[in-house]
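Asks: As input, take entry-v9.txt (compact mmCIF, C-alpha atoms and all ligand atoms):
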# COMPACT_ATOMS: atom_id res chain seq x y z
CA MET A 1 -35.54 -50.98 -7.07
CA ASN A 2 -39.20 -51.19 -6.31
CA PHE A 3 -40.40 -47.67 -5.71
CA SER A 4 -43.98 -47.50 -4.53
CA GLU A 5 -46.65 -46.01 -6.75
CA LYS A 6 -47.12 -43.32 -4.06
CA THR A 7 -43.48 -42.25 -4.35
CA LEU A 8 -43.59 -42.23 -8.14
CA GLN A 9 -46.72 -40.10 -8.07
CA LYS A 10 -45.12 -37.62 -5.68
CA VAL A 11 -42.10 -37.34 -7.94
CA ARG A 12 -44.30 -36.63 -10.96
CA LYS A 13 -46.02 -33.87 -9.00
CA ALA A 14 -42.67 -32.49 -7.87
CA GLU A 15 -41.31 -32.39 -11.41
CA GLU A 16 -44.40 -30.55 -12.66
CA ALA A 17 -43.93 -27.94 -9.94
CA LEU A 18 -40.21 -27.71 -10.65
CA ALA A 19 -40.39 -27.26 -14.43
CA GLY A 20 -39.83 -23.51 -14.20
CA ARG A 21 -36.91 -23.86 -11.78
CA PHE A 22 -35.33 -26.54 -13.95
CA ALA A 23 -35.52 -24.22 -16.95
CA GLU A 24 -33.72 -21.50 -14.98
CA ILE A 25 -31.03 -23.96 -13.90
CA ASP A 26 -30.58 -25.06 -17.52
CA ALA A 27 -30.17 -21.44 -18.58
CA VAL A 28 -27.31 -20.91 -16.10
CA SER A 29 -25.76 -24.18 -17.29
CA PHE A 30 -26.01 -23.07 -20.91
CA ALA A 31 -24.37 -19.71 -20.15
CA GLY A 32 -21.60 -21.44 -18.16
CA THR A 33 -20.99 -24.01 -20.88
CA ARG A 34 -20.80 -21.23 -23.43
CA ARG A 35 -18.15 -19.43 -21.36
CA VAL A 36 -16.18 -22.67 -21.10
CA ILE A 37 -16.38 -23.45 -24.84
CA GLU A 38 -15.40 -19.88 -25.71
CA ALA A 39 -12.39 -20.11 -23.39
CA PHE A 40 -11.37 -23.48 -24.85
CA ALA A 41 -11.47 -21.92 -28.32
CA ARG A 42 -9.67 -18.74 -27.28
CA HIS A 43 -6.84 -20.74 -25.75
CA ARG A 44 -6.73 -23.17 -28.68
CA VAL A 45 -7.15 -26.37 -26.70
CA SER A 46 -5.68 -29.28 -28.65
CA ASP A 47 -5.04 -32.97 -28.13
CA ALA A 48 -1.32 -32.41 -27.47
CA MET A 49 -2.23 -30.65 -24.20
CA PHE A 50 -3.58 -33.87 -22.72
CA ALA A 51 -0.29 -35.76 -22.89
CA GLY A 52 1.14 -34.61 -19.58
CA THR A 53 4.64 -34.26 -18.21
CA THR A 54 6.88 -35.89 -15.59
CA GLY A 55 9.57 -34.59 -13.25
CA TYR A 56 9.61 -30.81 -12.94
CA GLY A 57 6.80 -30.49 -15.43
CA TYR A 58 8.33 -27.47 -17.19
CA ASN A 59 6.48 -26.21 -20.27
CA ASP A 60 3.43 -28.33 -19.58
CA LYS A 61 1.20 -26.73 -22.18
CA GLY A 62 -1.88 -28.44 -20.79
CA ARG A 63 -1.34 -27.22 -17.23
CA GLU A 64 -0.53 -23.69 -18.37
CA THR A 65 -3.57 -23.54 -20.65
CA LEU A 66 -5.93 -24.93 -18.05
CA ASP A 67 -4.77 -22.24 -15.59
CA LEU A 68 -5.60 -19.60 -18.23
CA ILE A 69 -8.98 -21.17 -19.00
CA TYR A 70 -10.04 -21.26 -15.33
CA ALA A 71 -8.98 -17.63 -14.95
CA ASP A 72 -10.94 -16.66 -18.05
CA VAL A 73 -14.15 -18.50 -17.18
CA PHE A 74 -14.08 -17.37 -13.54
CA GLY A 75 -13.38 -13.72 -14.38
CA ALA A 76 -9.98 -13.82 -12.64
CA GLU A 77 -6.57 -12.55 -13.75
CA ALA A 78 -4.83 -15.82 -12.98
CA ALA A 79 -5.46 -19.31 -11.63
CA LEU A 80 -3.70 -22.41 -10.41
CA VAL A 81 -5.37 -25.73 -11.17
CA ARG A 82 -3.61 -28.81 -9.84
CA HIS A 83 -4.54 -32.48 -9.62
CA SER A 84 -2.02 -32.67 -6.76
CA ILE A 85 -3.96 -30.39 -4.41
CA VAL A 86 -5.64 -33.07 -2.33
CA ASN A 87 -8.88 -31.29 -1.43
CA GLY A 88 -10.64 -28.00 -0.93
CA THR A 89 -9.15 -27.59 2.53
CA GLN A 90 -5.63 -27.71 1.13
CA ALA A 91 -6.49 -25.27 -1.67
CA ILE A 92 -7.90 -22.82 0.89
CA ALA A 93 -4.94 -23.34 3.24
CA ILE A 94 -2.50 -22.63 0.38
CA GLY A 95 -4.29 -19.35 -0.18
CA LEU A 96 -4.36 -18.36 3.49
CA TYR A 97 -0.68 -19.16 4.10
CA GLY A 98 0.15 -17.45 0.81
CA LEU A 99 -1.54 -14.17 1.70
CA LEU A 100 -1.10 -13.82 5.50
CA ARG A 101 2.06 -12.76 7.34
CA PRO A 102 3.08 -12.73 11.04
CA GLY A 103 1.24 -9.99 12.91
CA ASP A 104 -1.67 -9.99 10.49
CA ALA A 105 -5.23 -10.65 11.59
CA MET A 106 -7.67 -12.71 9.55
CA LEU A 107 -11.29 -11.63 9.82
CA SER A 108 -13.98 -14.14 8.93
CA VAL A 109 -17.22 -12.32 8.13
CA THR A 110 -19.32 -15.46 7.71
CA GLY A 111 -18.91 -16.87 11.20
CA LYS A 112 -16.83 -19.95 11.86
CA PRO A 113 -14.96 -21.31 8.83
CA TYR A 114 -15.60 -24.85 7.58
CA ASP A 115 -14.80 -27.50 10.22
CA THR A 116 -11.60 -28.74 8.56
CA LEU A 117 -10.16 -25.21 8.53
CA GLU A 118 -10.33 -24.77 12.30
CA GLU A 119 -6.99 -26.49 12.85
CA VAL A 120 -5.46 -24.56 9.96
CA VAL A 121 -6.51 -21.27 11.52
CA GLY A 122 -5.55 -22.51 14.98
CA ILE A 123 -8.92 -22.23 16.75
CA ALA A 124 -8.88 -26.01 17.25
CA GLY A 125 -6.18 -28.63 17.64
CA GLU A 126 -2.83 -28.55 19.44
CA PRO A 127 -0.51 -25.56 19.33
CA GLY A 128 2.81 -26.24 17.64
CA ASN A 129 1.47 -28.02 14.55
CA GLY A 130 2.05 -25.03 12.31
CA SER A 131 -1.38 -23.42 12.28
CA LEU A 132 -1.72 -19.78 11.25
CA ALA A 133 -1.92 -18.95 14.98
CA ASP A 134 1.49 -20.60 15.50
CA PHE A 135 2.90 -18.12 12.97
CA GLY A 136 1.49 -15.15 14.88
CA ILE A 137 -1.57 -14.66 12.69
CA SER A 138 -4.62 -13.88 14.80
CA TYR A 139 -8.19 -14.75 13.99
CA ARG A 140 -11.43 -12.87 14.55
CA GLU A 141 -14.92 -13.40 13.31
CA VAL A 142 -18.16 -11.60 12.72
CA PRO A 143 -21.20 -13.90 12.74
CA PHE A 144 -23.35 -14.08 9.63
CA ALA A 145 -27.09 -14.27 10.22
CA GLY A 146 -28.40 -13.82 6.72
CA ASP A 147 -26.88 -10.45 5.89
CA TRP A 148 -23.62 -8.54 6.33
CA ASP A 149 -23.18 -7.00 9.76
CA TYR A 150 -21.65 -3.83 8.31
CA ASP A 151 -21.30 -2.12 11.71
CA ALA A 152 -19.29 -4.96 13.18
CA ILE A 153 -17.26 -5.51 10.00
CA GLY A 154 -16.52 -1.78 9.76
CA ARG A 155 -15.30 -1.71 13.38
CA GLU A 156 -12.95 -4.63 12.76
CA LEU A 157 -11.62 -3.11 9.53
CA SER A 158 -10.65 0.08 11.36
CA ASP A 159 -7.86 -2.01 12.90
CA PRO A 160 -4.99 -1.96 10.39
CA ALA A 161 -3.87 -5.43 11.58
CA VAL A 162 -6.84 -6.91 9.70
CA ARG A 163 -5.17 -7.82 6.40
CA LEU A 164 -7.53 -10.51 5.18
CA VAL A 165 -11.31 -10.75 5.04
CA PHE A 166 -12.48 -14.34 4.77
CA VAL A 167 -15.82 -15.29 3.23
CA GLN A 168 -17.36 -18.74 3.01
CA ARG A 169 -19.80 -18.66 0.09
CA SER A 170 -21.58 -21.91 0.81
CA LYS A 171 -23.44 -22.65 4.01
CA GLY A 172 -21.24 -25.70 4.57
CA TYR A 173 -22.42 -27.32 7.80
CA LEU A 174 -23.84 -24.06 9.15
CA ASP A 175 -27.49 -23.19 9.42
CA ARG A 176 -27.47 -20.06 7.34
CA PRO A 177 -28.19 -19.10 3.75
CA THR A 178 -25.56 -19.47 1.06
CA LEU A 179 -24.27 -16.21 -0.39
CA SER A 180 -25.07 -15.11 -3.90
CA VAL A 181 -22.15 -13.71 -5.86
CA GLU A 182 -24.02 -10.41 -5.95
CA LYS A 183 -24.04 -10.35 -2.14
CA ILE A 184 -20.28 -10.99 -2.12
CA GLY A 185 -19.93 -8.06 -4.55
CA GLU A 186 -21.65 -5.76 -2.02
CA LEU A 187 -19.14 -6.80 0.62
CA VAL A 188 -16.23 -6.20 -1.78
CA ARG A 189 -17.36 -2.60 -2.33
CA PHE A 190 -17.75 -2.04 1.42
CA VAL A 191 -14.32 -3.48 2.29
CA ARG A 192 -12.53 -1.60 -0.52
CA ALA A 193 -13.97 1.70 0.71
CA LYS A 194 -12.63 1.12 4.23
CA SER A 195 -9.44 -0.89 4.08
CA GLY A 196 -6.64 -2.35 2.01
CA ALA A 197 -7.34 -5.84 3.37
CA ARG A 198 -7.43 -8.62 0.81
CA ILE A 199 -10.64 -10.61 0.36
CA PHE A 200 -10.54 -14.40 0.18
CA VAL A 201 -13.50 -16.63 -0.69
CA ASP A 202 -13.96 -20.28 0.15
CA ASN A 203 -15.80 -21.05 -3.09
CA CYS A 204 -16.44 -24.75 -2.43
CA TYR A 205 -19.76 -25.98 -3.88
CA GLY A 206 -20.46 -22.62 -5.49
CA GLU A 207 -18.91 -22.91 -8.95
CA PHE A 208 -21.35 -22.55 -11.86
CA CYS A 209 -24.42 -22.07 -9.64
CA ASP A 210 -24.53 -18.35 -10.41
CA ALA A 211 -23.86 -16.55 -13.69
CA LEU A 212 -20.62 -15.15 -12.20
CA GLU A 213 -17.96 -16.30 -9.76
CA PRO A 214 -16.65 -14.23 -6.83
CA ALA A 215 -13.41 -13.42 -8.71
CA ALA A 216 -15.51 -11.58 -11.28
CA VAL A 217 -16.86 -9.20 -8.61
CA GLY A 218 -13.37 -8.34 -7.42
CA VAL A 219 -12.31 -10.67 -4.62
CA ASP A 220 -8.54 -11.15 -4.46
CA LEU A 221 -8.54 -14.91 -4.26
CA MET A 222 -10.95 -17.83 -4.19
CA ALA A 223 -10.39 -21.55 -3.90
CA GLY A 224 -12.24 -24.80 -4.33
CA SER A 225 -12.08 -28.53 -4.82
CA LEU A 226 -12.03 -30.43 -8.11
CA ILE A 227 -14.03 -33.32 -6.70
CA LYS A 228 -16.87 -30.87 -6.24
CA ASN A 229 -18.44 -28.67 -8.96
CA ALA A 230 -15.38 -27.49 -10.91
CA GLY A 231 -14.11 -30.99 -11.67
CA GLY A 232 -17.41 -31.83 -13.31
CA GLY A 233 -17.36 -35.36 -11.88
CA MET A 234 -14.40 -36.22 -14.13
CA ALA A 235 -11.43 -34.99 -12.10
CA GLN A 236 -9.94 -37.79 -10.02
CA SER A 237 -8.47 -35.37 -7.50
CA GLY A 238 -7.43 -31.75 -7.24
CA GLY A 239 -8.07 -28.18 -6.27
CA TYR A 240 -7.83 -24.69 -7.73
CA LEU A 241 -7.15 -21.10 -6.74
CA ALA A 242 -8.13 -18.10 -8.85
CA GLY A 243 -7.96 -14.35 -8.39
CA SER A 244 -5.71 -11.36 -8.96
CA ALA A 245 -2.33 -11.99 -10.57
CA ARG A 246 -0.46 -11.03 -7.38
CA ALA A 247 -2.63 -13.08 -5.02
CA VAL A 248 -2.32 -16.14 -7.25
CA GLU A 249 1.45 -15.59 -7.48
CA LEU A 250 1.69 -15.48 -3.66
CA ALA A 251 -0.40 -18.65 -3.43
CA SER A 252 1.86 -20.32 -6.01
CA TYR A 253 4.88 -19.66 -3.77
CA ARG A 254 3.14 -21.55 -1.03
CA LEU A 255 1.99 -24.31 -3.40
CA THR A 256 5.58 -25.07 -4.45
CA THR A 257 8.30 -22.75 -3.14
CA VAL A 258 9.08 -19.06 -3.14
CA GLY A 259 10.65 -18.15 -6.46
CA VAL A 260 9.46 -21.30 -8.22
CA GLY A 261 5.71 -20.80 -7.98
CA GLY A 262 3.34 -22.16 -10.59
CA GLU A 263 5.89 -22.72 -13.37
CA VAL A 264 6.34 -26.36 -12.40
CA GLY A 265 4.23 -29.37 -11.51
CA ALA A 266 4.10 -32.55 -13.53
CA THR A 267 0.64 -33.58 -14.68
CA PHE A 268 1.17 -37.33 -15.38
CA GLY A 269 -1.66 -37.59 -17.86
CA GLN A 270 -4.25 -36.00 -15.56
CA ASN A 271 -4.83 -33.03 -17.89
CA ARG A 272 -7.42 -34.75 -20.05
CA ASP A 273 -9.72 -35.43 -17.09
CA LEU A 274 -9.31 -31.89 -15.76
CA PHE A 275 -10.12 -30.31 -19.15
CA LYS A 276 -13.00 -32.70 -19.70
CA GLY A 277 -14.23 -32.11 -16.16
CA PHE A 278 -14.25 -28.35 -16.60
CA PHE A 279 -16.10 -28.85 -19.89
CA TYR A 280 -18.75 -30.84 -18.03
CA ALA A 281 -18.76 -28.71 -14.87
CA PRO A 282 -21.64 -26.30 -15.68
CA HIS A 283 -23.81 -29.23 -16.79
CA THR A 284 -22.88 -31.51 -13.90
CA THR A 285 -23.55 -28.69 -11.45
CA ALA A 286 -26.99 -28.25 -13.01
CA GLN A 287 -27.71 -31.95 -12.52
CA ALA A 288 -26.84 -31.59 -8.84
CA LEU A 289 -28.97 -28.44 -8.52
CA LYS A 290 -32.00 -30.20 -10.00
CA THR A 291 -31.51 -33.20 -7.73
CA ALA A 292 -31.34 -30.86 -4.72
CA ALA A 293 -34.50 -29.03 -5.78
CA LEU A 294 -36.33 -32.35 -6.15
CA ALA A 295 -35.24 -33.37 -2.66
CA ALA A 296 -36.43 -30.03 -1.29
CA TRP A 297 -39.87 -30.46 -2.81
CA LEU A 298 -40.32 -34.07 -1.66
CA PHE A 299 -39.13 -33.59 1.90
CA GLU A 300 -40.96 -30.32 2.37
CA ASP A 301 -44.08 -32.08 1.17
CA ALA A 302 -43.41 -34.77 3.80
CA GLY A 303 -43.40 -32.10 6.52
CA PHE A 304 -39.67 -31.46 6.95
CA ASP A 305 -38.01 -28.12 7.31
CA VAL A 306 -35.74 -27.74 4.28
CA GLU A 307 -33.28 -25.07 3.20
CA PRO A 308 -33.30 -23.81 0.53
CA ARG A 309 -36.99 -24.21 -0.30
CA TRP A 310 -37.69 -25.98 -3.60
CA ASP A 311 -38.57 -22.76 -5.44
CA ALA A 312 -35.76 -20.61 -4.01
CA PRO A 313 -32.75 -19.48 -6.05
CA ARG A 314 -29.69 -21.64 -5.37
CA HIS A 315 -26.12 -20.44 -4.97
CA ASP A 316 -24.54 -23.77 -4.08
CA ILE A 317 -25.41 -27.43 -4.58
CA ILE A 318 -26.12 -28.19 -0.90
CA GLN A 319 -29.59 -29.08 0.27
CA GLN A 320 -30.41 -29.22 3.96
CA VAL A 321 -33.15 -31.43 5.28
CA LYS A 322 -33.68 -31.01 9.01
CA CYS A 323 -34.36 -34.58 10.04
CA GLY A 324 -35.08 -33.74 13.70
CA ALA A 325 -33.93 -37.11 15.01
CA PRO A 326 -30.76 -39.18 14.61
CA GLU A 327 -32.66 -42.22 13.30
CA ILE A 328 -34.21 -40.17 10.49
CA LEU A 329 -30.82 -38.68 9.55
CA CYS A 330 -29.39 -42.20 9.45
CA ALA A 331 -32.35 -43.46 7.38
CA PHE A 332 -31.86 -40.62 4.90
CA CYS A 333 -28.19 -41.52 4.52
CA ARG A 334 -28.97 -45.24 4.21
CA GLY A 335 -31.36 -44.46 1.36
CA ILE A 336 -28.82 -42.31 -0.50
CA GLN A 337 -26.22 -45.06 -0.10
CA SER A 338 -28.57 -47.75 -1.40
CA GLY A 339 -29.28 -45.67 -4.50
CA SER A 340 -25.59 -45.12 -5.32
CA PRO A 341 -23.83 -46.73 -8.29
CA VAL A 342 -20.86 -47.87 -6.15
CA ASP A 343 -20.99 -49.51 -2.70
CA SER A 344 -24.79 -49.61 -2.70
CA PHE A 345 -24.61 -52.63 -0.35
CA VAL A 346 -22.84 -50.69 2.42
CA THR A 347 -24.69 -49.35 5.49
CA PRO A 348 -23.35 -45.97 6.60
CA GLU A 349 -22.68 -45.50 10.34
CA PRO A 350 -21.72 -42.34 12.29
CA TRP A 351 -17.98 -42.01 13.03
CA ALA A 352 -15.49 -39.56 14.55
CA MET A 353 -14.01 -38.15 11.36
CA PRO A 354 -10.62 -36.40 11.65
CA GLY A 355 -11.06 -32.62 11.50
CA TYR A 356 -14.72 -32.64 12.58
CA SER A 357 -15.86 -31.97 16.15
CA ASP A 358 -19.01 -34.16 16.26
CA PRO A 359 -19.50 -37.69 14.89
CA VAL A 360 -20.50 -37.49 11.25
CA ILE A 361 -22.58 -39.87 9.18
CA MET A 362 -21.76 -39.97 5.49
CA ALA A 363 -23.38 -41.70 2.58
CA ALA A 364 -21.33 -41.87 -0.57
CA GLY A 365 -21.12 -44.40 -3.30
CA ALA A 366 -18.86 -42.56 -5.65
CA PHE A 367 -16.54 -43.43 -8.53
CA VAL A 368 -14.02 -41.06 -6.95
CA GLN A 369 -13.47 -41.47 -3.22
CA GLY A 370 -15.11 -38.64 -1.30
CA ALA A 371 -16.29 -36.83 -4.43
CA SER A 372 -19.26 -34.83 -3.22
CA ILE A 373 -20.26 -33.71 -6.72
CA GLU A 374 -21.40 -37.32 -6.85
CA LEU A 375 -24.53 -38.29 -4.98
CA SER A 376 -23.67 -37.95 -1.31
CA ALA A 377 -25.23 -37.01 2.00
CA ASP A 378 -23.70 -36.26 5.32
CA GLY A 379 -24.51 -34.67 8.58
CA PRO A 380 -22.97 -34.14 11.99
CA LEU A 381 -24.83 -35.97 14.75
CA ARG A 382 -25.99 -32.92 16.63
CA PRO A 383 -29.46 -31.34 16.81
CA PRO A 384 -31.38 -30.57 14.63
CA TYR A 385 -29.86 -33.63 12.89
CA THR A 386 -29.64 -31.96 9.53
CA ALA A 387 -28.86 -34.02 6.47
CA PHE A 388 -26.66 -32.06 4.09
CA PHE A 389 -27.28 -33.54 0.71
CA GLN A 390 -25.42 -32.75 -2.48
CA GLY A 391 -24.40 -33.99 -5.87
CA GLY A 392 -25.73 -36.29 -8.49
CA LEU A 393 -23.66 -36.71 -11.65
CA THR A 394 -26.86 -37.09 -13.62
CA TYR A 395 -30.32 -35.92 -12.62
CA GLU A 396 -31.68 -39.40 -13.32
CA SER A 397 -29.28 -41.08 -10.87
CA GLY A 398 -29.71 -38.29 -8.32
CA LYS A 399 -33.46 -38.77 -8.53
CA ILE A 400 -33.10 -42.48 -7.83
CA GLY A 401 -30.98 -41.75 -4.75
CA ILE A 402 -33.47 -39.20 -3.48
CA MET A 403 -36.38 -41.56 -4.01
CA ALA A 404 -34.54 -44.26 -2.06
CA ALA A 405 -33.84 -41.80 0.78
CA TYR A 406 -37.47 -40.66 0.74
CA GLU A 407 -38.74 -44.22 1.07
CA GLU A 408 -36.29 -45.04 3.91
CA VAL A 409 -37.46 -41.97 5.83
CA MET A 410 -41.12 -42.74 5.13
CA LYS A 411 -40.59 -46.21 6.60
CA ILE A 412 -39.33 -44.68 9.86
CA LEU A 413 -42.20 -42.17 9.94
CA ALA A 414 -44.65 -45.02 9.45
CA GLY A 415 -43.17 -46.69 12.51
CA GLY A 416 -41.05 -49.30 10.72
CA ASN A 417 -37.61 -50.42 12.12
C1 LIG B 501 -16.08 -29.09 1.02
C2 LIG B 501 -15.82 -27.78 1.63
C3 LIG B 501 -14.54 -27.38 2.01
C4 LIG B 501 -13.32 -28.23 1.82
O1 LIG B 501 -13.54 -29.55 2.07
P1 LIG B 501 -12.62 -30.71 1.43
O2 LIG B 501 -13.30 -31.93 1.89
O3 LIG B 501 -11.28 -30.50 2.04
O4 LIG B 501 -12.62 -30.52 -0.03
C5 LIG B 501 -14.39 -26.14 2.54
N1 LIG B 501 -15.44 -25.32 2.70
C6 LIG B 501 -16.67 -25.65 2.33
C7 LIG B 501 -17.79 -24.69 2.53
C8 LIG B 501 -16.91 -26.89 1.79
O5 LIG B 501 -18.14 -27.24 1.41
Give the structure from the file, written as structure tokens.
Replies:
Amino acid sequence: MNFSEKTLQKVRKAEEALAGRFAEIDAVSFAGTRRVIEAFARHRVSDAMFAGTTGYGYNDKGRETLDLIYADVFGAEAALVRHSIVNGTQAIAIGLYGLLRPGDAMLSVTGKPYDTLEEVVGIAGEPGNGSLADFGISYREVPFAGDWDYDAIGRELSDPAVRLVFVQRSKGYLDRPTLSVEKIGELVRFVRAKSGARIFVDNCYGEFCDALEPAAVGVDLMAGSLIKNAGGGMAQSGGYLAGSARAVELASYRLTTVGVGGEVGATFGQNRDLFKGFFYAPHTTAQALKTAALAAWLFEDAGFDVEPRWDAPRHDIIQQVKCGAPEILCAFCRGIQSGSPVDSFVTPEPWAMPGYSDPVIMAAGAFVQGASIELSADGPLRPPYTAFFQGGLTYESGKIGIMAAYEEVMKILAGGN
């Protein structure tokens, strides 16, 4: 990899400017790691827990302990952590089907939910597939433009049919700021004062970015993916749900069956990676945050609109770079791909991905397929052609990927291919 002297100089300047931010990120990582280590000690983690079970998976000490550790670290009463939950979408869907009943209304207060949830809710796709809408659960939304629209939310909550308030913490593919946990806490107080509706948080990409998680400020349930932050880059697959004891119990009935719940589930030797991943998670998240901040500095310096800005506080690991043109978005993704440890020789192309409404270009060269805690970039091919960048298992490797993306984009700006 022959980075130009100009790029190397820019990176040195960026890192000087970012020293203070990096120290803040390290402090959050230290506090998170401390919470994890304390929970491991409190729950007496031992080698025997890594062995795993088969069949029903009764008395799987590792699974049971990991559930308790997640609950502890996230400030929840209970949690379900399973390698067998295939992704964040499934974890969230388990929670929604677990908590909602026919006749209920779900109110999203952060605008449209993540693209892959549209068919789950029933605002996209064919009727009859078993969406929430098919079960007589209606959907409403209040847009989110940077702050809570308390008037609109209050009006919706005055309807007793609204039994679930849905919050997406991360910006996802939307052009809006990510929520801090503090901001979610404000909403919790508002909702509790007005209604008995439960509060559910899509926590994807948020874990370990703030000092607290949404469960600690009183939401009923939150869910996320183990091939994002919480798996620490070690989990080979999985998802989690955490929240109040009752909400987690209801979710467990949807995860397996009513009456059986979370007491079963063989772990087949996956426990070690899930424990180890959670041990790494605060640190790995910090690596991704630093990589994102570096990208923000470099691309802002090159004249691009970026969100968040390099010196802004971060509440998720996503970095947006508004590329402004499809060829720049594609160049960005090509660069990320070329700097990846796996599949660096592949050229990413836009494709019609199931569950997404516009063609999406994705760059990922990950040890675990689709793991976006690993260096990855993607973006729907629609104006303003925003690259959503995230991950980086180590800051060093993330930096290499960002430098490669920077040089690819610079080539286009200079009028090259
Ligand atoms: C990643 C993500 C999801 C779930 O996506 P999966 O690919 O199914 O894990 C949901 N919401 C947000 C905001 C996300 O970033």
Asks: May I have the protein, DNA and RNA residues with an atom at most 7 Å from (-0.3, -16.1, 0.5), counting all atoms listed in the file in the file's coordinates, returned as JSON, numbers by chain?
Replies: {"A": [94, 95, 96, 97, 98, 99, 100, 247, 250, 251, 254]}
Asks: Grab the CA of Tyr70 (chain A) to CA of Ala27 (chain A) distance for me, in Å with one decimal place.
Replies: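 Interatomic distance, CA of Tyr70 (chain A) to CA of Ala27 (chain A): 20.4 Å.
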Asks: Just how far from atom C6 of ligand LIG 501 (chain B) is CA of Tyr114 (chain A), in Å to one decimal?
Replies: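 It comes out at 5.4 Å.
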Asks: Return the single residue from A:Ala216, A:Ala235, A:Val258, A:Ala161 that is closest to Ala281 (chain A), with distances computed using only C-alpha atoms.
Replies: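 Closest to Ala281 (chain A), using only C-alpha atoms: A:Ala235.
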Asks: One decimal, Å: what's the distance from CA of Glu300 (chain A) over to CA of Ala404 (chain A), could you say?
Replies: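 These two atoms are separated by 16.0 Å.
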Asks: At a cut-off of 12 Å, using all atoms listed in the file, what residues contact Ala41 (chain A)? Leave out same-chain residues fewer than 5 positions from it and give the result as a list in words.
Replies: Arg34, Arg35, Val36, Ser46, Thr65, Leu68, Ile69, Asp72, Val73 and Phe279 of chain A
Asks: Could you dump the residues just selected with C-alpha atoms as an mmCIF file, in the frame of the given file?
Replies:
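Written out: result_36.cif:
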data_model
loop_
_atom_site.group_PDB
_atom_site.id
_atom_site.type_symbol
_atom_site.label_atom_id
_atom_site.label_comp_id
_atom_site.auth_asym_id
_atom_site.auth_seq_id
_atom_site.Cartn_x
_atom_site.Cartn_y
_atom_site.Cartn_z
ATOM 1 C CA ARG A 34 -20.800 -21.230 -23.430
ATOM 2 C CA ARG A 35 -18.150 -19.430 -21.360
ATOM 3 C CA VAL A 36 -16.180 -22.670 -21.100
ATOM 4 C CA SER A 46 -5.680 -29.280 -28.650
ATOM 5 C CA THR A 65 -3.570 -23.540 -20.650
ATOM 6 C CA LEU A 68 -5.600 -19.600 -18.230
ATOM 7 C CA ILE A 69 -8.980 -21.170 -19.000
ATOM 8 C CA ASP A 72 -10.940 -16.660 -18.050
ATOM 9 C CA VAL A 73 -14.150 -18.500 -17.180
ATOM 10 C CA PHE A 279 -16.100 -28.850 -19.890
#
Asks: Tell me which of A:Gly392, A:Pro359, A:Gly224, A:Gly196 sits closest to Pro326 (chain A), counting only C-alpha atoms.
Replies: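 Comparing A:Gly392, A:Pro359, A:Gly224, A:Gly196 against Pro326 (chain A), the winner is A:Pro359.
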Asks: Give me, as a list in words, all polymer residues having an atom no more than 12 Å from Phe135 (chain A), counting all atoms listed in the file and skipping those fewer than 2 positions away in the same chain.
Replies: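 Result of the neighbour search: Leu96, Tyr97, Leu100, Arg101, Pro102, Gly103, Asp104, Ala105, Val120, Val121, Gly122, Pro127, Gly128, Asn129, Gly130, Ser131, Leu132, Ala133, Ile137, Ser138 and Tyr139 of chain A.
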Asks: Give the residue list for ligand LIG 501 (chain B) at 10 Å, counting all atoms listed in the file, as a PyMOL selection string, sorted by chain and then by residue number.
Replies: chain A and resi 85-93+113-117+167-174+178+201-206+223-228+237-239+316-318+355+370-373+390
Asks: Step by step: start from the point (-33.0, -38.7, 2.5) in the file's coordinates, keep every protein, DNA or RNA residue that has an atom no farther than 7 Å from it, count only C-alpha atoms, and write the set as a ChimeraX atom specification.
Replies: /A:331-333,335-336,402,405-406,409
Asks: What lies within 10 Å of Ala325 (chain A) using only C-alpha atoms, ignoring chain neighbours under 6 positions off, as a PyMOL selection string?
Replies: chain A and resi 381-386
Asks: Compare A:Glu207, A:Lys61, A:Gly339, A:Glu349 by their minimum atom-to-atom distance to Met1 (chain A), counting only C-alpha atoms, and give me the closest one.
Replies: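 Nearest to Met1 (chain A): A:Gly339.
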Asks: With only C-alpha atoms as the counted atoms, please give the residues lying no more than 10 Å from Gly232 (chain A), apart from itself and same-chain residues fewer than 6 positions off, as a ChimeraX atom specification.
Replies: /A:226,273-285,373-374,393
Asks: When you get a chance, write out N, CA and C atoms for region 213-218 of chain A, as a PDB file, in the coordinates of the input.
Replies:
ATOM      1  N   GLU A 213     -18.677 -15.793 -10.932  1.00  0.00           N
ATOM      2  CA  GLU A 213     -17.960 -16.300  -9.760  1.00  0.00           C
ATOM      3  C   GLU A 213     -17.443 -15.112  -8.940  1.00  0.00           C
ATOM      4  N   PRO A 214     -17.115 -15.339  -7.671  1.00  0.00           N
ATOM      5  CA  PRO A 214     -16.650 -14.230  -6.830  1.00  0.00           C
ATOM      6  C   PRO A 214     -15.449 -13.450  -7.395  1.00  0.00           C
ATOM      7  N   ALA A 215     -14.567 -14.135  -8.133  1.00  0.00           N
ATOM      8  CA  ALA A 215     -13.410 -13.420  -8.710  1.00  0.00           C
ATOM      9  C   ALA A 215     -13.875 -12.315  -9.657  1.00  0.00           C
ATOM     10  N   ALA A 216     -15.008 -12.542 -10.305  1.00  0.00           N
ATOM     11  CA  ALA A 216     -15.510 -11.580 -11.280  1.00  0.00           C
ATOM     12  C   ALA A 216     -16.088 -10.330 -10.605  1.00  0.00           C
ATOM     13  N   VAL A 217     -16.382 -10.404  -9.313  1.00  0.00           N
ATOM     14  CA  VAL A 217     -16.860  -9.200  -8.610  1.00  0.00           C
ATOM     15  C   VAL A 217     -15.753  -8.631  -7.724  1.00  0.00           C
ATOM     16  N   GLY A 218     -14.517  -9.053  -7.987  1.00  0.00           N
ATOM     17  CA  GLY A 218     -13.370  -8.340  -7.420  1.00  0.00           C
ATOM     18  C   GLY A 218     -12.725  -8.911  -6.178  1.00  0.00           C
TER      19      GLY A 218
END
